[in-house]
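The structure appears right after this line, and notes come after that.
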Number of protein chains: 2
Amino acid sequence: MTDLSRRQVTLDEVAERAGVSRSAASRVINNAPHVSKAKRAAVLRAVADLGYVPNATARALATQQAGAVVLAISSDSAQVFADPFFAEVVVGISATLDETELELMLLLATSSRGRTRLEQLLRTRQAAGVMLMSMHGDDPLARLAEQSDVPVVFGGCPIGFEPRYYVDADNRGGARLATEHLIASGRTRIATITGRMDEGAGGARYKGFQEALAVAGLDASRVAHADFSEDGGTAAMRELLDKHADLDAVFVASDQMAVGALQVVKEAGRSVPGDVAIVGFNDIAGARHIDPPLTTVAQPIQSLGREMARMLLALISGDTPTPLILPTRLVRRGSS
Amino acid sequence: MTDLSRRQVTLDEVAERAGVSRSAASRVINNAPHVSKAKRAAVLRAVADLGYVPNATARALATQQAGAVVLAISSDSAQVFADPFFAEVVVGISATLDETELELMLLLATSSRGRTRLEQLLRTRQAAGVMLMSMHGDDPLARLAEQSDVPVVFGGCPIGFEPRYYVDADNRGGARLATEHLIASGRTRIATITGRMDEGAGGARYKGFQEALAVAGLDASRVAHADFSEDGGTAAMRELLDKHADLDAVFVASDQMAVGALQVVKEAGRSVPGDVAIVGFNDIAGARHIDPPLTTVAQPIQSLGREMARMLLALISGDTPTPLILPTRLVRRGSS
DNA sequence: TTCGTAACTGCAAGCGCTCCCAGACCAGCT
DNA sequence: AGCTGGTCTGGGAGCGCTTGCAGTTACGAA
């Protein structure tokens with residue numbers, strides 16, 4: 001079957017063994033036309049006999065197109081990637097890519113070295129395409145990405161500018177859903193803890209919150225800003241309790257923050273959801289196990305990955321896709 | 001500064017502009033010796049002027065060595081990657097790789113296509129090195145990996161055979177720690193819910209449990225096997241309660257399962273930790289927020305990734321590292 | 001001045017593959 | 001028999017870079 005020699009088997013050897021020219025062999029490998037049945041068979045046999053595997057590097061050099069796409073997370077801290085969110089996105093991307101010949105490269109563009117790498121990637125067609133996540137709108141790399149030669153799709157719409165190609169979850173709609181749910185269950189003094197307002201998701205969720213309140217004619221001034229982290233949620237909730245002691249519900253822009261907030265509310269001697277209802281965002285794995293189980297907004301994370309990859313594939317093959325907004329849905333549990 | 005032409009800047013252009021030969025330019029780029037100061041400076045200037053970035057593909061082809069290492073997750077389901085565990089590992093790996101020129105490729109070898117890809121990777125030095133996780137000992141790919149030409153390090157020691165190079169967490173020690181803690185707090189009828197026994201971590205944790213009990217002269221027959229999943233934990237706990245109604249503590253081989261088990265125990269009307277103490281394993285993000293907060297064994301996941309990458313780097317540069325076992329530690333919380 | 005040696009220099013040969021192109025071959029026509 | 005329009009075929013020129021090697025230069029020692 002496969003031979004044990006250390007050296008890699010080359011196309012030339014296949015060609016020789018099959019008694020054809022290298023070109024013919026190449027055509028067979030890429031199943032291009034203009035090869036007789038007989039030769040095709042001979043080449044195929046030689047391939048099997050020798051255990052030939054095309055050298056991706058050489059191919060990439062010759063065709064001038066890379067065999068990999070990259071998922072780049074642009075952020076100040078590598079820690080953000082530790083968020084299970086990305087793991088799920090990766091699963092989605094990987095599922096789509098699995099049907100192609102493309103490999104997935106991961107770039108945590110967190111250090112300045114990482115950023116330099118990303119920049120080079122964008123400038124020099126080393127990758128067949130790039131998926132960009134956690135990109136801030138005011139990041140110069142965002143601009144660069146937008147006018148880059150390589151196909152780029154954004155995951156999540158950064159605040160400040162709308163990329164040509166992106167897929168995002170319906171953050172605004174989800175937030176609105178959550179807030180409307182709070183309103184529908186009779187709450188009237190509804191507060192919110194926002195995420196980072198310099199991120200797309202943060203802004204959009206806040207906007208959704210405001211919209212719902214506006215429609216219902218309720219006061220939307222109970223606001224505390226945080227950073228999506230649990231500690232941030234804790235601090236923000238303290239602030240809220242302090243400034244708006246009368247609140248009877250709070251829409252928290254992430255489950256992590258909701259966890260922190262919940263703690264504070266309970267410690268303040270108020271019951272959840274009796275005294276104050278809480279709704280989170282993301283539906284993280286632990287959401288159903290905290291006490292009380294957290295009502296939250298779920299987004300289709302794997303689909304997000306899948307669609308990003310799909311859009312990138314379309315771009316690579318020359319199509320012109322349109323931005324995609326994936327639906328979010330309310331998951332009702334005990335905290336509201 | 002950088003020019004806007006679509007075409008990539010090549011070494012030839014740099015050389016021409018600097019008025020040197022291509023070889024000289026190449027030597028400068030790779031800062032090799034035998035280049036006069038003057039020419040070196042000229043080349044450097046040209047590089048800056050032109051915004052030259054070496055073409056990694058061409059370089060890889062010429063040097064016959066790939067510019068990327070791959071992290072391959074070999075498993076029947078892509079879902080396992082959704083476990084935040086991997087995200088953390090990736091952060092660790094990425095941190096180490098950040099100091100090198102190597103890129104990180106991700107391969108979820110889940111479908112048969114994925115497995116084929118992994119196999120080719122192992123056969124044909126397309127990657128500078130491979131990190132393998134979730135590999136089962138009886139997987140033929142494990143064998144192949146072990147005798148592959150490319151450097152391979154295992155993450156976690158698969159059951160059934162010990163790879164030459166691996167880094168693992170001290171699962172057995174951690175389990176022992178947990179069980180001893182249970183014993184020390186006066187429990188005597190201690191049960192366990194194991195993970196998949198065909199995985200290294202599953203077996204090792206079970207072994208640690210047995211050891212601790214043996215040392216204390218306690219009965220180690222209260223055992224239910226599960227699969228690391230929450231549902232598995234639920235079922236196993238039911239089985240345990242059914243067959244060993246007298247149990248007063250249970251060491252659960254993963255937090256996910258512990259969550260399920262906890263639910264069952266509470267539903268059965270027994271208090272935690274009053275009637276039965278529970279200790280988990282992994283210290284997942286949610287562990288501190290469930291009710292009661294879960295006592296568990298924490299492992300240094302990012303370090304795991306960091307050390308895997310470090311070991312691979314050593315291997316690539318020709319060293320011969322020795323397997324590494326990272327310490328685990330008990331995190332005491334409310335459930336025990 | 002003449003050597004010897006070590007530091008430079010650049011030519012050219014690849015790395016493995018793709019793909020253009022000119023030529024061969026083979027009907028099927030006129 | 002001479003054409004025309006195919007379909008094959010393999011030679012060869014790259015893709016951008018590294019590197020062995022033969023040739024050049026510089027420079028202190030003889």
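Identifiers for the structure tokens are assigned positionally: chains receive A, B, ... in sequence, residues are indexed from 1 per chain, and ligands are indexed from 1 in the order shown.
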Tell me which protein, DNA and RNA residues are within 9 Å of range 23-30 of chain C, counting only C-alpha atoms (C1' of nucleotides), leaving out same-chain ones fewer than 4 positions away, and put them as number ranges by chain. D: 2-4, 6-9
Keeping only all heavy atoms, write those residues as a short mmCIF file (atom, residue, chain, number, x, y, z; two decimals), in the first residue's frame.
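Once written, out01.cif looks like this:
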data_model
loop_
_atom_site.label_atom_id
_atom_site.label_comp_id
_atom_site.auth_asym_id
_atom_site.auth_seq_id
_atom_site.Cartn_x
_atom_site.Cartn_y
_atom_site.Cartn_z
P DG D 2 -3.05 15.46 -50.43
OP1 DG D 2 -2.10 16.21 -51.31
OP2 DG D 2 -2.54 14.68 -49.27
"O5'" DG D 2 -4.16 16.47 -49.91
"C5'" DG D 2 -4.93 17.21 -50.84
"C4'" DG D 2 -5.85 18.11 -50.05
"O4'" DG D 2 -6.89 17.31 -49.46
"C3'" DG D 2 -5.14 18.83 -48.90
"O3'" DG D 2 -5.68 20.15 -48.81
"C2'" DG D 2 -5.49 18.00 -47.69
"C1'" DG D 2 -6.90 17.55 -48.04
N9 DG D 2 -7.35 16.32 -47.39
C8 DG D 2 -6.61 15.17 -47.16
N7 DG D 2 -7.30 14.24 -46.57
C5 DG D 2 -8.56 14.80 -46.40
C6 DG D 2 -9.74 14.27 -45.81
O6 DG D 2 -9.90 13.16 -45.32
N1 DG D 2 -10.78 15.17 -45.85
C2 DG D 2 -10.72 16.44 -46.37
N2 DG D 2 -11.83 17.17 -46.31
N3 DG D 2 -9.63 16.95 -46.93
C4 DG D 2 -8.60 16.08 -46.90
P DC D 3 -4.88 21.22 -47.97
OP1 DC D 3 -4.54 22.33 -48.87
OP2 DC D 3 -3.82 20.55 -47.18
"O5'" DC D 3 -6.01 21.71 -46.98
"C5'" DC D 3 -6.85 20.72 -46.39
"C4'" DC D 3 -8.17 21.34 -46.04
"O4'" DC D 3 -9.08 20.27 -45.80
"C3'" DC D 3 -8.10 22.14 -44.75
"O3'" DC D 3 -9.02 23.22 -44.79
"C2'" DC D 3 -8.43 21.13 -43.68
"C1'" DC D 3 -9.31 20.10 -44.40
N1 DC D 3 -8.92 18.71 -44.05
C2 DC D 3 -9.88 17.88 -43.48
O2 DC D 3 -11.03 18.30 -43.33
N3 DC D 3 -9.52 16.62 -43.13
C4 DC D 3 -8.27 16.19 -43.32
N4 DC D 3 -7.97 14.94 -42.96
C5 DC D 3 -7.27 17.04 -43.90
C6 DC D 3 -7.63 18.29 -44.25
P DT D 4 -9.01 24.24 -43.52
OP1 DT D 4 -9.57 25.51 -44.04
OP2 DT D 4 -7.67 24.19 -42.90
"O5'" DT D 4 -10.04 23.60 -42.51
"C5'" DT D 4 -11.38 23.34 -42.93
"C4'" DT D 4 -12.17 22.85 -41.74
"O4'" DT D 4 -11.86 21.46 -41.48
"C3'" DT D 4 -11.86 23.61 -40.44
"O3'" DT D 4 -13.08 23.88 -39.77
"C2'" DT D 4 -10.97 22.67 -39.66
"C1'" DT D 4 -11.47 21.30 -40.13
N1 DT D 4 -10.44 20.23 -40.08
C2 DT D 4 -10.81 18.98 -39.67
O2 DT D 4 -11.93 18.69 -39.33
N3 DT D 4 -9.81 18.04 -39.69
C4 DT D 4 -8.49 18.25 -40.07
O4 DT D 4 -7.68 17.33 -40.05
C5 DT D 4 -8.16 19.58 -40.48
C7 DT D 4 -6.77 19.92 -40.90
C6 DT D 4 -9.14 20.51 -40.48
P DG D 6 -14.97 22.86 -32.44
OP1 DG D 6 -16.20 22.29 -31.87
OP2 DG D 6 -14.81 24.33 -32.68
"O5'" DG D 6 -13.83 22.53 -31.48
"C5'" DG D 6 -12.98 21.51 -31.27
"C4'" DG D 6 -13.48 20.12 -31.11
"O4'" DG D 6 -13.05 19.40 -32.27
"C3'" DG D 6 -12.83 19.50 -29.90
"O3'" DG D 6 -13.80 19.20 -28.91
"C2'" DG D 6 -12.16 18.23 -30.41
"C1'" DG D 6 -12.07 18.45 -31.92
N9 DG D 6 -10.77 18.97 -32.37
C8 DG D 6 -10.46 20.29 -32.67
N7 DG D 6 -9.22 20.42 -33.08
C5 DG D 6 -8.69 19.13 -33.03
C6 DG D 6 -7.40 18.65 -33.35
O6 DG D 6 -6.43 19.30 -33.75
N1 DG D 6 -7.29 17.28 -33.14
C2 DG D 6 -8.32 16.47 -32.70
N2 DG D 6 -8.03 15.20 -32.56
N3 DG D 6 -9.53 16.89 -32.41
C4 DG D 6 -9.63 18.23 -32.59
P DT D 7 -13.33 19.22 -27.44
OP1 DT D 7 -14.51 19.02 -26.58
OP2 DT D 7 -12.43 20.38 -27.26
"O5'" DT D 7 -12.45 17.89 -27.37
"C5'" DT D 7 -13.00 16.65 -27.76
"C4'" DT D 7 -11.91 15.62 -27.69
"O4'" DT D 7 -10.85 15.99 -28.61
"C3'" DT D 7 -11.27 15.55 -26.31
"O3'" DT D 7 -11.18 14.18 -25.92
"C2'" DT D 7 -9.93 16.20 -26.46
"C1'" DT D 7 -9.61 15.95 -27.94
N1 DT D 7 -8.73 16.97 -28.57
C2 DT D 7 -7.52 16.58 -29.09
O2 DT D 7 -7.11 15.45 -29.06
N3 DT D 7 -6.79 17.60 -29.66
C4 DT D 7 -7.15 18.93 -29.77
O4 DT D 7 -6.41 19.73 -30.31
C5 DT D 7 -8.43 19.26 -29.18
C7 DT D 7 -8.91 20.67 -29.22
C6 DT D 7 -9.17 18.28 -28.61
P DC D 8 -10.45 13.82 -24.60
OP1 DC D 8 -10.75 12.41 -24.24
OP2 DC D 8 -10.63 14.90 -23.61
"O5'" DC D 8 -8.98 13.91 -25.13
"C5'" DC D 8 -7.96 13.64 -24.29
"C4'" DC D 8 -6.82 13.05 -25.09
"O4'" DC D 8 -6.48 13.98 -26.14
"C3'" DC D 8 -5.61 12.90 -24.21
"O3'" DC D 8 -4.94 11.69 -24.52
"C2'" DC D 8 -4.79 14.14 -24.49
"C1'" DC D 8 -5.17 14.48 -25.95
N1 DC D 8 -5.21 15.94 -26.21
C2 DC D 8 -4.14 16.55 -26.89
O2 DC D 8 -3.18 15.84 -27.21
N3 DC D 8 -4.19 17.86 -27.15
C4 DC D 8 -5.25 18.59 -26.77
N4 DC D 8 -5.25 19.89 -27.07
C5 DC D 8 -6.35 18.00 -26.07
C6 DC D 8 -6.29 16.69 -25.81
P DT D 9 -4.02 11.14 -23.41
OP1 DT D 9 -3.71 9.74 -23.78
OP2 DT D 9 -4.60 11.45 -22.09
"O5'" DT D 9 -2.73 12.00 -23.60
"C5'" DT D 9 -2.01 11.88 -24.81
"C4'" DT D 9 -0.82 12.80 -24.84
"O4'" DT D 9 -1.25 14.13 -25.18
"C3'" DT D 9 -0.10 12.93 -23.51
"O3'" DT D 9 1.11 12.19 -23.60
"C2'" DT D 9 0.17 14.43 -23.35
"C1'" DT D 9 -0.32 15.03 -24.64
N1 DT D 9 -1.06 16.32 -24.51
C2 DT D 9 -0.55 17.45 -25.11
O2 DT D 9 0.50 17.44 -25.73
N3 DT D 9 -1.31 18.57 -24.96
C4 DT D 9 -2.51 18.69 -24.27
O4 DT D 9 -3.09 19.76 -24.21
C5 DT D 9 -2.98 17.47 -23.65
C7 DT D 9 -4.26 17.48 -22.88
C6 DT D 9 -2.24 16.35 -23.80
#
Interface residues on chain B facing chain C, 9 Å, only C-alpha atoms (C1' of nucleotides), written as a PyMOL selection string: chain B and resi 20-24+34-36+58+60-64
Keeping only C-alpha atoms, take the residues you just selected and write them out as a tab-separated table (two decimals), in the first residue's frame.
chain	number	residue	atom	x	y	z
B	20	VAL	CA	21.91	43.78	-4.34
B	21	SER	CA	21.33	40.25	-5.42
B	22	ARG	CA	18.33	38.29	-4.37
B	23	SER	CA	20.48	36.04	-2.25
B	24	ALA	CA	21.89	38.92	-0.32
B	34	HIS	CA	27.88	37.21	5.22
B	35	VAL	CA	26.27	40.46	4.33
B	36	SER	CA	28.12	43.73	4.61
B	58	ALA	CA	7.19	30.17	-0.96
B	60	ALA	CA	7.76	26.91	3.29
B	61	LEU	CA	8.23	25.27	-0.06
B	62	ALA	CA	11.85	26.23	-0.30
B	63	THR	CA	12.82	25.28	3.20
B	64	GLN	CA	10.67	22.20	3.23
Using backbone DSSP assignments, extract all strand (DSSP E or B) residues from range 100-286 of chain A; output them as number ranges by chain. A: 103-109, 129-133, 152-155, 166-169, 190-194, 223-225, 249-252, 277-282
Sorted by chain and rising residue number, list the residues of chain B at most 9 Å from chain A (counting only C-alpha atoms), each with its closest atom pair and distance in Å to one decimal, as JSON lines.
{"residue": "B:Arg6", "atom": "CA", "partner": "A:Asp149", "partner_atom": "CA", "distance": 7.6}
{"residue": "B:Arg7", "atom": "CA", "partner": "A:Thr124", "partner_atom": "CA", "distance": 8.7}
{"residue": "B:Gln8", "atom": "CA", "partner": "A:Thr124", "partner_atom": "CA", "distance": 6.4}
{"residue": "B:Val9", "atom": "CA", "partner": "A:Thr124", "partner_atom": "CA", "distance": 8.8}
{"residue": "B:Val53", "atom": "CA", "partner": "A:Gln120", "partner_atom": "CA", "distance": 7.2}
{"residue": "B:Asn55", "atom": "CA", "partner": "A:Gln126", "partner_atom": "CA", "distance": 7.3}
{"residue": "B:Ala56", "atom": "CA", "partner": "A:Gln126", "partner_atom": "CA", "distance": 7.3}
{"residue": "B:Thr57", "atom": "CA", "partner": "A:Thr57", "partner_atom": "CA", "distance": 5.9}
{"residue": "B:Ala58", "atom": "CA", "partner": "A:Leu61", "partner_atom": "CA", "distance": 6.0}
{"residue": "B:Ala60", "atom": "CA", "partner": "A:Thr57", "partner_atom": "CA", "distance": 6.9}
{"residue": "B:Leu61", "atom": "CA", "partner": "A:Thr57", "partner_atom": "CA", "distance": 6.0}
{"residue": "B:Ala66", "atom": "CA", "partner": "A:Thr57", "partner_atom": "CA", "distance": 8.1}
{"residue": "B:Ala68", "atom": "CA", "partner": "A:Met105", "partner_atom": "CA", "distance": 8.8}
{"residue": "B:Val70", "atom": "CA", "partner": "A:Met105", "partner_atom": "CA", "distance": 8.7}
{"residue": "B:Ala78", "atom": "CA", "partner": "A:Val91", "partner_atom": "CA", "distance": 6.3}
{"residue": "B:Gln79", "atom": "CA", "partner": "A:Val91", "partner_atom": "CA", "distance": 7.1}
{"residue": "B:Phe81", "atom": "CA", "partner": "A:Ala87", "partner_atom": "CA", "distance": 6.4}
{"residue": "B:Ala82", "atom": "CA", "partner": "A:Glu88", "partner_atom": "CA", "distance": 4.9}
{"residue": "B:Asp83", "atom": "CA", "partner": "A:Pro84", "partner_atom": "CA", "distance": 6.9}
{"residue": "B:Pro84", "atom": "CA", "partner": "A:Pro84", "partner_atom": "CA", "distance": 4.7}
{"residue": "B:Phe85", "atom": "CA", "partner": "A:Pro84", "partner_atom": "CA", "distance": 8.3}
{"residue": "B:Phe86", "atom": "CA", "partner": "A:Ala87", "partner_atom": "CA", "distance": 7.3}
{"residue": "B:Ala87", "atom": "CA", "partner": "A:Ala82", "partner_atom": "CA", "distance": 5.0}
{"residue": "B:Glu88", "atom": "CA", "partner": "A:Ala82", "partner_atom": "CA", "distance": 5.0}
{"residue": "B:Val89", "atom": "CA", "partner": "A:Ala82", "partner_atom": "CA", "distance": 8.4}
{"residue": "B:Val90", "atom": "CA", "partner": "A:Ala82", "partner_atom": "CA", "distance": 8.1}
{"residue": "B:Val91", "atom": "CA", "partner": "A:Ala78", "partner_atom": "CA", "distance": 6.3}
{"residue": "B:Gly92", "atom": "CA", "partner": "A:Ala78", "partner_atom": "CA", "distance": 9.0}
{"residue": "B:Ser94", "atom": "CA", "partner": "A:Leu108", "partner_atom": "CA", "distance": 6.9}
{"residue": "B:Ala95", "atom": "CA", "partner": "A:Ala78", "partner_atom": "CA", "distance": 8.0}
{"residue": "B:Asp98", "atom": "CA", "partner": "A:Gly114", "partner_atom": "CA", "distance": 6.8}
{"residue": "B:Glu99", "atom": "CA", "partner": "A:Arg113", "partner_atom": "CA", "distance": 8.1}
{"residue": "B:Glu103", "atom": "CA", "partner": "A:Met105", "partner_atom": "CA", "distance": 7.1}
{"residue": "B:Leu104", "atom": "CA", "partner": "A:Leu106", "partner_atom": "CA", "distance": 5.6}
{"residue": "B:Met105", "atom": "CA", "partner": "A:Met105", "partner_atom": "CA", "distance": 4.2}
{"residue": "B:Leu106", "atom": "CA", "partner": "A:Leu104", "partner_atom": "CA", "distance": 5.6}
{"residue": "B:Leu107", "atom": "CA", "partner": "A:Leu104", "partner_atom": "CA", "distance": 7.2}
{"residue": "B:Leu108", "atom": "CA", "partner": "A:Ser94", "partner_atom": "CA", "distance": 6.9}
{"residue": "B:Ser111", "atom": "CA", "partner": "A:Asp98", "partner_atom": "CA", "distance": 8.0}
{"residue": "B:Arg113", "atom": "CA", "partner": "A:Asp98", "partner_atom": "CA", "distance": 7.1}
{"residue": "B:Gly114", "atom": "CA", "partner": "A:Asp98", "partner_atom": "CA", "distance": 6.8}
{"residue": "B:Gln120", "atom": "CA", "partner": "A:Val53", "partner_atom": "CA", "distance": 7.2}
{"residue": "B:Arg123", "atom": "CA", "partner": "A:Gln8", "partner_atom": "CA", "distance": 8.6}
{"residue": "B:Thr124", "atom": "CA", "partner": "A:Gln8", "partner_atom": "CA", "distance": 6.4}
{"residue": "B:Arg125", "atom": "CA", "partner": "A:Gln8", "partner_atom": "CA", "distance": 8.0}
{"residue": "B:Gln126", "atom": "CA", "partner": "A:Ala56", "partner_atom": "CA", "distance": 7.3}
{"residue": "B:Asp149", "atom": "CA", "partner": "A:Arg6", "partner_atom": "CA", "distance": 7.6}
{"residue": "B:Val259", "atom": "CA", "partner": "A:His289", "partner_atom": "CA", "distance": 7.6}
{"residue": "B:Ala285", "atom": "CA", "partner": "A:Gly286", "partner_atom": "CA", "distance": 7.9}
{"residue": "B:Gly286", "atom": "CA", "partner": "A:Gly286", "partner_atom": "CA", "distance": 5.2}
{"residue": "B:Ala287", "atom": "CA", "partner": "A:Gly286", "partner_atom": "CA", "distance": 8.2}
{"residue": "B:His289", "atom": "CA", "partner": "A:Ile290", "partner_atom": "CA", "distance": 5.7}
{"residue": "B:Ile290", "atom": "CA", "partner": "A:Ile290", "partner_atom": "CA", "distance": 4.8}
{"residue": "B:Asp291", "atom": "CA", "partner": "A:Asp291", "partner_atom": "CA", "distance": 6.5}
Output as a tab-separated table one row per residue of chain D within 7 Å of chain B: the closest atom pair and its distance in Å to one decimal place, counting only C-alpha atoms (C1' of nucleotides), sorted by chain and residue number ascending.
residue	atom	partner	partner_atom	distance
D:DG16	C1'	B:Ala58	CA	5.0
D:DC17	C1'	B:Arg59	CA	4.9
D:DT18	C1'	B:Ala62	CA	5.6
Keeping all heavy atoms for every residue in the selection just given, could you write it to a file as an mmCIF file, in the first residue's frame?
data_model
loop_
_atom_site.group_PDB
_atom_site.id
_atom_site.type_symbol
_atom_site.label_atom_id
_atom_site.label_comp_id
_atom_site.auth_asym_id
_atom_site.auth_seq_id
_atom_site.Cartn_x
_atom_site.Cartn_y
_atom_site.Cartn_z
ATOM 1 P P DG D 16 5.178 35.607 -7.426
ATOM 2 O OP1 DG D 16 4.092 36.522 -7.022
ATOM 3 O OP2 DG D 16 5.999 35.899 -8.605
ATOM 4 O "O5'" DG D 16 6.145 35.409 -6.190
ATOM 5 C "C5'" DG D 16 5.610 35.047 -4.931
ATOM 6 C "C4'" DG D 16 6.717 34.524 -4.058
ATOM 7 O "O4'" DG D 16 7.257 33.324 -4.650
ATOM 8 C "C3'" DG D 16 7.900 35.475 -3.883
ATOM 9 O "O3'" DG D 16 8.139 35.617 -2.498
ATOM 10 C "C2'" DG D 16 9.036 34.809 -4.626
ATOM 11 C "C1'" DG D 16 8.655 33.335 -4.517
ATOM 12 N N9 DG D 16 9.185 32.501 -5.580
ATOM 13 C C8 DG D 16 9.366 32.831 -6.897
ATOM 14 N N7 DG D 16 9.860 31.860 -7.620
ATOM 15 C C5 DG D 16 10.019 30.811 -6.714
ATOM 16 C C6 DG D 16 10.510 29.503 -6.916
ATOM 17 O O6 DG D 16 10.918 28.991 -7.961
ATOM 18 N N1 DG D 16 10.496 28.766 -5.731
ATOM 19 C C2 DG D 16 10.068 29.239 -4.521
ATOM 20 N N2 DG D 16 10.121 28.392 -3.494
ATOM 21 N N3 DG D 16 9.598 30.467 -4.324
ATOM 22 C C4 DG D 16 9.611 31.192 -5.451
ATOM 23 P P DC D 17 9.361 36.393 -1.917
ATOM 24 O OP1 DC D 17 8.929 37.067 -0.682
ATOM 25 O OP2 DC D 17 10.048 37.157 -2.955
ATOM 26 O "O5'" DC D 17 10.267 35.171 -1.478
ATOM 27 C "C5'" DC D 17 9.738 34.264 -0.511
ATOM 28 C "C4'" DC D 17 10.617 33.045 -0.392
ATOM 29 O "O4'" DC D 17 10.730 32.425 -1.685
ATOM 30 C "C3'" DC D 17 12.040 33.350 0.061
ATOM 31 O "O3'" DC D 17 12.214 32.875 1.390
ATOM 32 C "C2'" DC D 17 12.931 32.579 -0.884
ATOM 33 C "C1'" DC D 17 11.989 31.803 -1.775
ATOM 34 N N1 DC D 17 12.398 31.840 -3.185
ATOM 35 C C2 DC D 17 12.950 30.696 -3.750
ATOM 36 O O2 DC D 17 13.091 29.699 -3.034
ATOM 37 N N3 DC D 17 13.314 30.717 -5.046
ATOM 38 C C4 DC D 17 13.142 31.819 -5.776
ATOM 39 N N4 DC D 17 13.508 31.790 -7.057
ATOM 40 C C5 DC D 17 12.585 33.003 -5.223
ATOM 41 C C6 DC D 17 12.224 32.974 -3.928
ATOM 42 P P DT D 18 13.595 33.156 2.129
ATOM 43 O OP1 DT D 18 13.290 33.135 3.566
ATOM 44 O OP2 DT D 18 14.281 34.298 1.515
ATOM 45 O "O5'" DT D 18 14.397 31.837 1.776
ATOM 46 C "C5'" DT D 18 13.945 30.590 2.319
ATOM 47 C "C4'" DT D 18 14.864 29.477 1.873
ATOM 48 O "O4'" DT D 18 15.016 29.498 0.429
ATOM 49 C "C3'" DT D 18 16.277 29.521 2.447
ATOM 50 O "O3'" DT D 18 16.609 28.190 2.779
ATOM 51 C "C2'" DT D 18 17.114 30.044 1.299
ATOM 52 C "C1'" DT D 18 16.386 29.417 0.110
ATOM 53 N N1 DT D 18 16.525 30.080 -1.206
ATOM 54 C C2 DT D 18 16.975 29.319 -2.268
ATOM 55 O O2 DT D 18 17.293 28.157 -2.179
ATOM 56 N N3 DT D 18 17.025 29.995 -3.467
ATOM 57 C C4 DT D 18 16.685 31.304 -3.705
ATOM 58 O O4 DT D 18 16.765 31.780 -4.824
ATOM 59 C C5 DT D 18 16.237 32.035 -2.550
ATOM 60 C C7 DT D 18 15.846 33.469 -2.695
ATOM 61 C C6 DT D 18 16.176 31.407 -1.362
#
Where in range 185-314 of chain A does DSSP assign alpha helix (DSSP H), given as a PyMOL selection string? chain A and resi 200-216+230-243+255-267+301-314
